[in-house]
>>> print(open('run_24.txt').read())   # compact mmCIF, C-alpha atoms and all ligand atoms
# COMPACT_ATOMS: atom_id res chain seq x y z
CA MET A 1 -184.52 -289.52 -155.01
CA ILE A 2 -186.46 -286.87 -153.11
CA GLU A 3 -189.92 -285.60 -153.88
CA VAL A 4 -192.13 -283.07 -152.22
CA GLU A 5 -195.85 -283.29 -152.93
CA GLY A 6 -198.31 -280.52 -152.17
CA LEU A 7 -196.25 -279.24 -149.27
CA THR A 8 -197.86 -276.39 -147.35
CA LYS A 9 -196.77 -274.56 -144.21
CA SER A 10 -198.28 -271.44 -142.67
CA PHE A 11 -197.12 -269.31 -139.77
CA GLY A 12 -200.24 -267.61 -138.48
CA GLY A 13 -201.74 -265.84 -141.47
CA LEU A 14 -198.60 -266.14 -143.58
CA THR A 15 -198.30 -269.06 -146.00
CA ALA A 16 -194.54 -269.57 -146.13
CA ILE A 17 -194.79 -272.72 -148.31
CA ASP A 18 -197.77 -272.83 -150.61
CA ASN A 19 -198.66 -276.19 -152.22
CA VAL A 20 -195.13 -276.93 -153.45
CA TYR A 21 -194.32 -279.89 -155.72
CA LEU A 22 -190.65 -280.64 -156.35
CA LYS A 23 -188.55 -283.54 -157.60
CA PHE A 24 -184.81 -283.90 -157.32
CA LYS A 25 -182.94 -286.62 -159.20
CA LYS A 26 -180.12 -288.67 -157.78
CA ARG A 27 -176.66 -287.07 -158.15
CA GLU A 28 -178.10 -283.85 -159.53
CA LEU A 29 -176.77 -280.48 -158.41
CA SER A 30 -179.82 -278.31 -157.86
CA SER A 31 -180.32 -274.87 -156.46
CA ILE A 32 -183.33 -273.16 -155.03
CA ILE A 33 -183.19 -269.43 -155.53
CA GLY A 34 -185.53 -266.67 -154.54
CA PRO A 35 -185.52 -263.38 -152.68
CA ASN A 36 -185.33 -263.23 -148.89
CA GLY A 37 -188.58 -264.41 -147.34
CA ALA A 38 -189.45 -266.63 -150.33
CA GLY A 39 -189.70 -269.73 -148.10
CA LYS A 40 -186.41 -271.45 -148.95
CA THR A 41 -185.22 -272.10 -145.40
CA THR A 42 -188.70 -273.18 -144.33
CA LEU A 43 -188.65 -275.78 -147.11
CA PHE A 44 -185.37 -277.19 -145.71
CA ASN A 45 -186.80 -277.19 -142.18
CA LEU A 46 -189.74 -279.23 -143.45
CA ILE A 47 -187.49 -281.70 -145.27
CA THR A 48 -185.20 -282.20 -142.25
CA GLY A 49 -188.07 -282.60 -139.77
CA HIS A 50 -187.40 -279.37 -137.89
CA LEU A 51 -190.90 -278.24 -138.85
CA SER A 52 -194.05 -280.25 -139.58
CA PRO A 53 -196.02 -279.43 -142.71
CA ASP A 54 -199.71 -278.48 -142.53
CA GLN A 55 -200.28 -280.52 -145.67
CA GLY A 56 -198.33 -282.58 -148.14
CA LYS A 57 -195.75 -285.32 -148.22
CA ILE A 58 -192.00 -285.75 -148.44
CA ILE A 59 -190.81 -288.94 -150.14
CA PHE A 60 -187.14 -289.96 -149.96
CA ASN A 61 -186.00 -292.96 -152.01
CA GLY A 62 -189.60 -294.15 -152.17
CA ARG A 63 -190.17 -293.84 -148.42
CA ASP A 64 -192.58 -291.40 -146.82
CA ILE A 65 -190.44 -289.42 -144.36
CA THR A 66 -193.02 -286.73 -143.58
CA ASN A 67 -193.08 -285.94 -139.84
CA LEU A 68 -190.05 -288.08 -138.94
CA PRO A 69 -187.92 -286.39 -136.27
CA PRO A 70 -184.61 -284.78 -137.38
CA HIS A 71 -182.34 -287.55 -136.06
CA GLU A 72 -184.23 -290.14 -138.07
CA ILE A 73 -184.12 -287.98 -141.16
CA SER A 74 -180.35 -287.77 -140.84
CA ARG A 75 -180.22 -291.55 -140.39
CA VAL A 76 -181.96 -292.11 -143.74
CA GLY A 77 -179.16 -290.11 -145.41
CA ILE A 78 -180.13 -286.46 -145.49
CA GLY A 79 -177.35 -284.18 -144.25
CA ARG A 80 -177.56 -280.47 -143.66
CA SER A 81 -175.09 -277.88 -142.57
CA PHE A 82 -176.13 -275.73 -139.66
CA GLN A 83 -174.80 -272.35 -138.83
CA ARG A 84 -172.10 -273.03 -136.30
CA GLN A 85 -174.31 -274.41 -133.59
CA ASN A 86 -172.80 -277.88 -133.75
CA ILE A 87 -169.18 -276.75 -133.76
CA PHE A 88 -167.25 -277.16 -130.51
CA PRO A 89 -165.14 -273.97 -130.53
CA ARG A 90 -162.57 -275.15 -127.96
CA LEU A 91 -161.84 -278.44 -129.67
CA SER A 92 -159.61 -278.76 -132.70
CA THR A 93 -160.94 -278.90 -136.23
CA PHE A 94 -159.88 -282.57 -136.31
CA GLU A 95 -161.74 -283.39 -133.08
CA ASN A 96 -164.89 -281.67 -134.33
CA ILE A 97 -165.04 -283.99 -137.34
CA GLN A 98 -164.04 -287.02 -135.28
CA ILE A 99 -166.84 -286.37 -132.76
CA ALA A 100 -169.35 -285.92 -135.59
CA LEU A 101 -168.26 -289.34 -136.88
CA PHE A 102 -168.63 -290.89 -133.40
CA SER A 103 -172.11 -289.49 -133.16
CA ALA A 104 -173.02 -290.67 -136.68
CA LYS A 105 -171.74 -294.17 -135.85
CA HIS A 106 -173.29 -294.17 -132.35
CA ILE A 107 -169.99 -294.45 -130.54
CA ASN A 108 -170.45 -293.48 -126.91
CA GLY A 109 -169.02 -290.04 -126.15
CA LYS A 110 -168.07 -291.09 -122.63
CA LEU A 111 -165.48 -293.39 -124.08
CA PHE A 112 -163.91 -290.50 -125.92
CA SER A 113 -160.56 -290.73 -124.13
CA GLN A 114 -160.20 -294.31 -125.33
CA ALA A 115 -161.77 -293.49 -128.66
CA LYS A 116 -159.19 -290.85 -129.52
CA ASN A 117 -157.42 -293.17 -131.89
CA MET A 118 -160.56 -294.33 -133.61
CA LEU A 119 -161.76 -293.21 -137.03
CA ARG A 120 -158.65 -291.12 -137.62
CA ASP A 121 -158.42 -292.05 -141.30
CA GLU A 122 -162.09 -291.27 -141.88
CA THR A 123 -161.62 -287.95 -140.08
CA ASP A 124 -158.61 -287.08 -142.24
CA GLU A 125 -160.51 -288.02 -145.35
CA ILE A 126 -163.34 -285.60 -144.53
CA LEU A 127 -160.87 -282.86 -143.58
CA GLU A 128 -159.23 -283.34 -146.96
CA SER A 129 -162.52 -283.13 -148.85
CA VAL A 130 -163.40 -279.81 -147.25
CA GLY A 131 -159.87 -278.42 -147.61
CA LEU A 132 -159.02 -278.18 -143.90
CA THR A 133 -156.10 -280.62 -143.66
CA ASP A 134 -153.56 -277.91 -142.87
CA LYS A 135 -155.81 -276.44 -140.16
CA LYS A 136 -156.76 -279.67 -138.45
CA LEU A 137 -154.96 -278.90 -135.20
CA MET A 138 -156.35 -275.39 -134.87
CA GLN A 139 -159.03 -274.68 -132.29
CA ALA A 140 -162.26 -274.54 -134.26
CA GLY A 141 -163.26 -271.26 -132.60
CA TYR A 142 -160.25 -269.54 -134.16
CA LEU A 143 -160.97 -270.62 -137.73
CA ALA A 144 -161.71 -267.87 -140.22
CA TYR A 145 -165.36 -267.53 -141.17
CA GLY A 146 -164.98 -269.33 -144.50
CA ASP A 147 -163.14 -272.18 -142.80
CA GLN A 148 -165.88 -272.55 -140.17
CA LYS A 149 -168.30 -273.01 -143.07
CA ARG A 150 -166.04 -275.73 -144.45
CA LEU A 151 -166.05 -277.38 -141.05
CA GLU A 152 -169.85 -277.27 -140.92
CA ILE A 153 -169.99 -278.96 -144.30
CA GLY A 154 -167.48 -281.55 -143.05
CA ILE A 155 -169.67 -282.25 -140.02
CA ALA A 156 -172.65 -282.74 -142.34
CA LEU A 157 -170.59 -285.30 -144.31
CA ALA A 158 -170.00 -287.42 -141.20
CA ILE A 159 -173.39 -289.11 -141.51
CA GLU A 160 -172.42 -290.16 -145.06
CA PRO A 161 -175.43 -288.43 -146.56
CA GLN A 162 -176.84 -289.28 -149.95
CA LEU A 163 -178.53 -285.91 -150.06
CA LEU A 164 -176.78 -282.75 -148.87
CA LEU A 165 -178.76 -279.60 -148.11
CA LEU A 166 -176.80 -276.36 -147.92
CA ASP A 167 -178.55 -273.15 -146.92
CA GLU A 168 -176.68 -270.11 -148.23
CA PRO A 169 -173.25 -271.49 -147.36
CA THR A 170 -171.55 -268.44 -148.87
CA ALA A 171 -173.48 -265.85 -146.85
CA GLY A 172 -171.07 -263.37 -145.29
CA MET A 173 -168.08 -264.56 -147.33
CA SER A 174 -165.76 -262.45 -149.40
CA PRO A 175 -166.03 -262.86 -153.19
CA ARG A 176 -162.81 -264.89 -153.19
CA GLU A 177 -163.95 -267.21 -150.40
CA THR A 178 -167.26 -267.59 -152.24
CA ILE A 179 -165.58 -268.73 -155.45
CA GLU A 180 -163.36 -271.14 -153.53
CA ILE A 181 -166.13 -272.70 -151.49
CA THR A 182 -168.50 -273.15 -154.43
CA LYS A 183 -165.70 -274.88 -156.36
CA LEU A 184 -165.01 -277.10 -153.38
CA ILE A 185 -168.67 -278.02 -152.90
CA LYS A 186 -169.00 -278.93 -156.55
CA LYS A 187 -165.90 -281.10 -156.42
CA LEU A 188 -166.78 -282.97 -153.25
CA VAL A 189 -170.38 -283.56 -154.30
CA LYS A 190 -169.23 -285.09 -157.60
CA LYS A 191 -166.51 -287.16 -155.95
CA ARG A 192 -168.86 -288.59 -153.34
CA GLY A 193 -171.76 -289.04 -155.76
CA LEU A 194 -174.06 -286.87 -153.63
CA THR A 195 -177.29 -285.19 -154.56
CA LEU A 196 -177.08 -281.50 -153.69
CA ILE A 197 -179.76 -278.93 -152.98
CA PHE A 198 -178.19 -275.55 -152.56
CA ILE A 199 -180.15 -272.52 -151.36
CA GLU A 200 -178.96 -269.15 -152.46
CA HIS A 201 -180.42 -265.74 -153.09
CA ASP A 202 -177.59 -264.50 -155.29
CA MET A 203 -178.23 -265.72 -158.83
CA ASP A 204 -174.64 -265.39 -159.97
CA ILE A 205 -173.39 -267.84 -157.35
CA VAL A 206 -176.07 -270.35 -158.31
CA PHE A 207 -175.08 -270.40 -161.95
CA GLY A 208 -171.59 -271.57 -161.08
CA ILE A 209 -172.78 -274.61 -159.16
CA SER A 210 -176.11 -275.93 -160.45
CA GLU A 211 -177.38 -278.11 -163.21
CA LYS A 212 -181.01 -277.39 -162.30
CA VAL A 213 -182.51 -274.31 -160.71
CA LYS A 214 -185.91 -273.90 -159.02
CA VAL A 215 -187.09 -270.38 -158.42
CA MET A 216 -189.18 -269.67 -155.34
CA HIS A 217 -191.24 -266.59 -154.71
CA GLN A 218 -193.76 -266.02 -151.94
CA GLY A 219 -193.86 -269.70 -151.02
CA ARG A 220 -194.40 -270.97 -154.55
CA ILE A 221 -192.18 -272.48 -157.23
CA ILE A 222 -192.55 -270.06 -160.10
CA PHE A 223 -189.99 -271.49 -162.52
CA GLU A 224 -187.74 -274.52 -163.00
CA GLY A 225 -185.01 -275.05 -165.54
CA THR A 226 -181.33 -274.93 -166.36
CA PRO A 227 -179.37 -271.87 -165.22
CA LYS A 228 -179.54 -270.60 -168.80
CA GLN A 229 -183.32 -270.95 -168.98
CA VAL A 230 -183.72 -269.25 -165.62
CA LYS A 231 -181.57 -266.36 -166.73
CA ALA A 232 -183.70 -265.91 -169.85
CA ASN A 233 -187.06 -266.05 -168.05
CA ALA A 234 -188.90 -262.77 -167.89
CA GLU A 235 -190.79 -263.44 -164.65
CA VAL A 236 -187.60 -264.37 -162.83
CA GLN A 237 -185.97 -261.25 -164.18
CA LYS A 238 -188.84 -259.17 -162.86
CA ILE A 239 -188.47 -260.58 -159.34
CA TYR A 240 -184.75 -260.04 -159.31
CA LEU A 241 -184.62 -256.69 -161.01
CA GLY A 242 -187.79 -255.31 -159.46
CA LYS A 243 -188.42 -254.08 -155.95
CA ASP A 244 -187.84 -257.52 -154.44
CA LYS A 245 -184.18 -257.50 -155.39
CA LYS A 246 -181.88 -258.30 -152.46
N1 LIG B 1 -190.64 -270.01 -137.34
C1 LIG B 1 -191.28 -269.04 -138.00
N2 LIG B 1 -192.31 -268.37 -137.43
C2 LIG B 1 -192.96 -267.40 -138.10
N3 LIG B 1 -192.67 -267.02 -139.34
C3 LIG B 1 -191.64 -267.62 -139.97
C4 LIG B 1 -190.88 -268.67 -139.32
N4 LIG B 1 -189.93 -269.10 -140.19
C5 LIG B 1 -190.08 -268.36 -141.30
N5 LIG B 1 -191.11 -267.48 -141.19
C6 LIG B 1 -191.57 -266.56 -142.23
O1 LIG B 1 -191.81 -267.32 -143.40
C7 LIG B 1 -191.37 -266.61 -144.56
C8 LIG B 1 -190.33 -267.43 -145.29
O2 LIG B 1 -189.14 -267.44 -144.53
P1 LIG B 1 -187.86 -268.25 -144.94
O3 LIG B 1 -188.24 -269.65 -145.25
O4 LIG B 1 -186.85 -268.05 -143.88
O5 LIG B 1 -187.42 -267.52 -146.29
P2 LIG B 1 -186.05 -267.54 -147.08
O6 LIG B 1 -185.18 -268.60 -146.51
O7 LIG B 1 -186.43 -267.79 -148.51
O8 LIG B 1 -185.45 -266.17 -146.93
C9 LIG B 1 -190.86 -265.27 -144.07
O9 LIG B 1 -191.88 -264.33 -144.22
C10 LIG B 1 -190.54 -265.53 -142.62
O10 LIG B 1 -190.66 -264.35 -141.87
MG MG B 2 -183.28 -268.47 -145.68
>>> encode(input="run_24.txt", output="structure tokens")
Amino acid sequence: MIEVEGLTKSFGGLTAIDNVYLKFKKRELSSIIGPNGAGKTTLFNLITGHLSPDQGKIIFNGRDITNLPPHEISRVGIGRSFQRQNIFPRLSTFENIQIALFSAKHINGKLFSQAKNMLRDETDEILESVGLTDKKLMQAGYLAYGDQKRLEIGIALAIEPQLLLLDEPTAGMSPRETIEITKLIKKLVKKRGLTLIFIEHDMDIVFGISEKVKVMHQGRIIFEGTPKQVKANAEVQKIYLGKDKK
């Protein structure tokens, strides 16, 4: 479903992504792990068109999407959660999802007062899938941190993505919130038949959510396999138990 071929990106003298080849199958739950600075977020920025690669190609469902701008990438069905920046803190949780749906369906924002009654069922359905039904009337700015993350994931679902990219969605969460949100992500991805790529630097979290794991280190993919194979690999162990451990 998505393939990356020979992708390379440098920032000045630093090669953040170094000739990376990756393939992700439809409906697979994959993780990319690696210590901080490995290049994980840069890889997402390249896939979503927020950065242009120096070399290489990105193929999505057989189509070359390299260098397409972000709004076109989201139109082809690649959704990504951003850290808060697209939440409207003074609007309710419900309205945040509803507006994301308007935008995804190109409904003019100026008509919002008349549009208030539109897409309510779709909005409720997304709220339900991210577990925010009972908080739908709360102002989004007052949601607890873990719930804001759920809202961000809900906003990413508004474009009806086929592929969902989540960049460390559990960062800053308590262990309990972490367990809850990883369970929720797994459930909603399966229910909606999505392909998931989940970035994480904590190996333990990854093992609870992925079928396939790719290990990144210094801009390269150094190992791919099942969580079990990754756990047993000596090189991966070295990175995580050595001085690079975060
Ligand atoms: N916009 C940028 N400009 C310069 N350097 C960057 C930029 N984005 C990332 N980097 C550098 O690229 C490397 C990889 O970063 P990043 O992809 O954020 O890693 P990760 O998400 O795995 O922690 C780091 O050394 C980081 O400092
Ligand atoms: Mg990162």
>>> residues_around(input="run_24.txt", residues="region 214-221 of chain A", least_positions_apart="3", cutoff="9 Å", atoms="only C-alpha atoms", output="ChimeraX atom specification")
/A:8-9,15-22,30-40,43,224-226,230,236,239
>>> closest_residue(input="run_24.txt", among="A:Tyr142, A:Phe198, A:Phe60, A:Phe223", to="ligand LIG 1 (chain B)", atoms="all atoms listed in the file")
A:Phe198
>>> closest_residue(input="run_24.txt", among="A:Ile58, A:Ile97, A:Val189, A:Ile78", to="Thr133 (chain A)", atoms="all atoms listed in the file")
A:Ile97
>>> closest_residue(input="run_24.txt", among="A:Glu128, A:Glu168, A:Asp204, A:Asp64", to="ligand MG 2 (chain B)", atoms="all atoms listed in the file")
A:Glu168
>>> closest_residue(input="run_24.txt", among="A:Lys57, A:Lys183, A:Lys191, A:Lys149", to="Asp167 (chain A)", atoms="only C-alpha atoms")
A:Lys149
>>> atom_distance(input="run_24.txt", atom1="atom P2 of ligand LIG 1 (chain B)", atom2="CA of Pro169 (chain A)")
13.4 Å
>>> closest_residue(input="run_24.txt", among="A:Leu46, A:Ile159, A:Leu184, A:Val213", to="ligand LIG 1 (chain B)", atoms="all atoms listed in the file")
A:Leu46
>>> residues_around(input="run_24.txt", residues="Glu180 (chain A)", least_positions_apart="5", cutoff="12 Å", atoms="only C-alpha atoms", output="PDB file with C-alpha atoms, in the frame of the given file")
ATOM      1  CA  VAL A 130    -163.400-279.810-147.250  1.00  0.00           C
ATOM      2  CA  GLY A 131    -159.870-278.420-147.610  1.00  0.00           C
ATOM      3  CA  GLY A 146    -164.980-269.330-144.500  1.00  0.00           C
ATOM      4  CA  ASP A 147    -163.140-272.180-142.800  1.00  0.00           C
ATOM      5  CA  LYS A 149    -168.300-273.010-143.070  1.00  0.00           C
ATOM      6  CA  ARG A 150    -166.040-275.730-144.450  1.00  0.00           C
ATOM      7  CA  PRO A 169    -173.250-271.490-147.360  1.00  0.00           C
ATOM      8  CA  THR A 170    -171.550-268.440-148.870  1.00  0.00           C
ATOM      9  CA  MET A 173    -168.080-264.560-147.330  1.00  0.00           C
ATOM     10  CA  SER A 174    -165.760-262.450-149.400  1.00  0.00           C
ATOM     11  CA  PRO A 175    -166.030-262.860-153.190  1.00  0.00           C
ATOM     12  CA  ILE A 185    -168.670-278.020-152.900  1.00  0.00           C
ATOM     13  CA  LYS A 186    -169.000-278.930-156.550  1.00  0.00           C
ATOM     14  CA  LYS A 187    -165.900-281.100-156.420  1.00  0.00           C
ATOM     15  CA  ILE A 205    -173.390-267.840-157.350  1.00  0.00           C
ATOM     16  CA  GLY A 208    -171.590-271.570-161.080  1.00  0.00           C
ATOM     17  CA  ILE A 209    -172.780-274.610-159.160  1.00  0.00           C
TER      18      ILE A 209
END
>>> atom_distance(input="run_24.txt", atom1="CA of Lys26 (chain A)", atom2="CA of Ser210 (chain A)")
13.6 Å
>>> residues_around(input="run_24.txt", residues="Ala171 (chain A)", least_positions_apart="6", cutoff="12 Å", atoms="only C-alpha atoms", output="compact mmCIF listing (two decimals) with C-alpha atoms, keeping the file's coordinate frame")
# COMPACT_ATOMS: atom_id res chain seq x y z
CA GLN A 83 -174.80 -272.35 -138.83
CA TYR A 145 -165.36 -267.53 -141.17
CA GLY A 146 -164.98 -269.33 -144.50
CA LYS A 149 -168.30 -273.01 -143.07
CA GLU A 177 -163.95 -267.21 -150.40
CA THR A 178 -167.26 -267.59 -152.24
CA ILE A 181 -166.13 -272.70 -151.49
CA THR A 182 -168.50 -273.15 -154.43
CA ILE A 199 -180.15 -272.52 -151.36
CA GLU A 200 -178.96 -269.15 -152.46
CA HIS A 201 -180.42 -265.74 -153.09
CA ASP A 202 -177.59 -264.50 -155.29
CA ILE A 205 -173.39 -267.84 -157.35
>>> atom_distance(input="run_24.txt", atom1="CA of Gly62 (chain A)", atom2="CA of Val76 (chain A)")
11.6 Å
>>> closest_residue(input="run_24.txt", among="A:Ile65, A:Leu29, A:Leu51, A:Leu166", to="ligand LIG 1 (chain B)", atoms="all atoms listed in the file")
A:Leu51
>>> residues_near_point(input="run_24.txt", point="(-173.2, -290.5, -143.1)", cutoff="9 Å", atoms="only C-alpha atoms", output="list in words")
Ser74, Arg75, Val76, Gly77, Ile78, Gly79, Leu101, Ala104, Lys105, Ala156, Leu157, Ala158, Ile159, Glu160, Pro161 and Gln162 of chain A
>>> write_last_selection(input="run_24.txt", atoms="C-alpha atoms", output="PDB file, in the coordinates of the input")
ATOM      1  CA  SER A  74    -180.350-287.770-140.840  1.00  0.00           C
ATOM      2  CA  ARG A  75    -180.220-291.550-140.390  1.00  0.00           C
ATOM      3  CA  VAL A  76    -181.960-292.110-143.740  1.00  0.00           C
ATOM      4  CA  GLY A  77    -179.160-290.110-145.410  1.00  0.00           C
ATOM      5  CA  ILE A  78    -180.130-286.460-145.490  1.00  0.00           C
ATOM      6  CA  GLY A  79    -177.350-284.180-144.250  1.00  0.00           C
ATOM      7  CA  LEU A 101    -168.260-289.340-136.880  1.00  0.00           C
ATOM      8  CA  ALA A 104    -173.020-290.670-136.680  1.00  0.00           C
ATOM      9  CA  LYS A 105    -171.740-294.170-135.850  1.00  0.00           C
ATOM     10  CA  ALA A 156    -172.650-282.740-142.340  1.00  0.00           C
ATOM     11  CA  LEU A 157    -170.590-285.300-144.310  1.00  0.00           C
ATOM     12  CA  ALA A 158    -170.000-287.420-141.200  1.00  0.00           C
ATOM     13  CA  ILE A 159    -173.390-289.110-141.510  1.00  0.00           C
ATOM     14  CA  GLU A 160    -172.420-290.160-145.060  1.00  0.00           C
ATOM     15  CA  PRO A 161    -175.430-288.430-146.560  1.00  0.00           C
ATOM     16  CA  GLN A 162    -176.840-289.280-149.950  1.00  0.00           C
TER      17      GLN A 162
END
>>> residues_around(input="run_24.txt", residues="Thr195 (chain A)", least_positions_apart="2", cutoff="6 Å", atoms="only C-alpha atoms", output="PyMOL selection string")
chain A and resi 26-28+163
>>> write_last_selection(input="run_24.txt", atoms="C-alpha atoms", output="PDB file, in the frame of the given file")
ATOM      1  CA  LYS A  26    -180.120-288.670-157.780  1.00  0.00           C
ATOM      2  CA  ARG A  27    -176.660-287.070-158.150  1.00  0.00           C
ATOM      3  CA  GLU A  28    -178.100-283.850-159.530  1.00  0.00           C
ATOM      4  CA  LEU A 163    -178.530-285.910-150.060  1.00  0.00           C
TER       5      LEU A 163
END
>>> residues_around(input="run_24.txt", residues="Gly154 (chain A)", least_positions_apart="6", cutoff="9 Å", atoms="all atoms listed in the file", output="number ranges by chain")
A: 81, 97, 100, 126-127, 129-130
>>> write_last_selection(input="run_24.txt", atoms="C-alpha atoms", output="PDB file, in the coordinates of the input")
ATOM      1  CA  SER A  81    -175.090-277.880-142.570  1.00  0.00           C
ATOM      2  CA  ILE A  97    -165.040-283.990-137.340  1.00  0.00           C
ATOM      3  CA  ALA A 100    -169.350-285.920-135.590  1.00  0.00           C
ATOM      4  CA  ILE A 126    -163.340-285.600-144.530  1.00  0.00           C
ATOM      5  CA  LEU A 127    -160.870-282.860-143.580  1.00  0.00           C
ATOM      6  CA  SER A 129    -162.520-283.130-148.850  1.00  0.00           C
ATOM      7  CA  VAL A 130    -163.400-279.810-147.250  1.00  0.00           C
TER       8      VAL A 130
END
>>> axis_aligned_box(input="run_24.txt", around="region 208-219 of chain A", padding_each_side="3 Å", output="JSON")
{"center_x": -182.7, "center_y": -272.1, "center_z": -157.1, "size_x": 28.3, "size_y": 18.1, "size_z": 18.2}
>>> decode(input="run_24.txt", residues="region 133-144 of chain A", atoms="N, CA, C and O atoms", output="short mmCIF file (atom, residue, chain, number, x, y, z; two decimals), in the first residue's frame")
data_model
loop_
_atom_site.label_atom_id
_atom_site.label_comp_id
_atom_site.auth_asym_id
_atom_site.auth_seq_id
_atom_site.Cartn_x
_atom_site.Cartn_y
_atom_site.Cartn_z
N THR A 133 -17.16 10.40 23.60
CA THR A 133 -18.60 10.68 23.57
C THR A 133 -19.05 11.46 24.81
O THR A 133 -19.78 12.45 24.69
N ASP A 134 -18.59 11.04 25.96
CA ASP A 134 -19.07 11.70 27.19
C ASP A 134 -18.42 13.07 27.42
O ASP A 134 -18.79 13.78 28.34
N LYS A 135 -17.46 13.44 26.58
CA LYS A 135 -16.82 14.75 26.74
C LYS A 135 -17.07 15.64 25.54
O LYS A 135 -16.39 16.64 25.33
N LYS A 136 -18.10 15.30 24.77
CA LYS A 136 -18.26 16.01 23.50
C LYS A 136 -18.67 17.47 23.65
O LYS A 136 -18.44 18.27 22.76
N LEU A 137 -19.26 17.82 24.78
CA LEU A 137 -19.68 19.21 24.95
C LEU A 137 -18.64 20.06 25.68
O LEU A 137 -18.79 21.27 25.82
N MET A 138 -17.58 19.41 26.13
CA MET A 138 -16.52 20.16 26.82
C MET A 138 -15.75 21.04 25.85
O MET A 138 -15.56 20.68 24.69
N GLN A 139 -15.26 22.19 26.34
CA GLN A 139 -14.36 22.99 25.52
C GLN A 139 -13.06 22.21 25.34
O GLN A 139 -12.49 21.72 26.32
N ALA A 140 -12.61 22.12 24.10
CA ALA A 140 -11.46 21.28 23.80
C ALA A 140 -10.22 21.69 24.60
O ALA A 140 -9.42 20.85 25.00
N GLY A 141 -10.08 22.99 24.87
CA GLY A 141 -8.93 23.48 25.62
C GLY A 141 -8.88 22.96 27.05
O GLY A 141 -7.81 22.99 27.67
N TYR A 142 -10.01 22.50 27.57
CA TYR A 142 -10.04 22.00 28.94
C TYR A 142 -9.91 20.48 29.03
O TYR A 142 -9.95 19.92 30.13
N LEU A 143 -9.78 19.82 27.90
CA LEU A 143 -9.61 18.37 27.94
C LEU A 143 -8.29 18.01 28.59
O LEU A 143 -7.30 18.73 28.43
N ALA A 144 -8.27 16.87 29.28
CA ALA A 144 -7.01 16.38 29.84
C ALA A 144 -6.08 16.02 28.68
O ALA A 144 -6.53 15.80 27.56
#
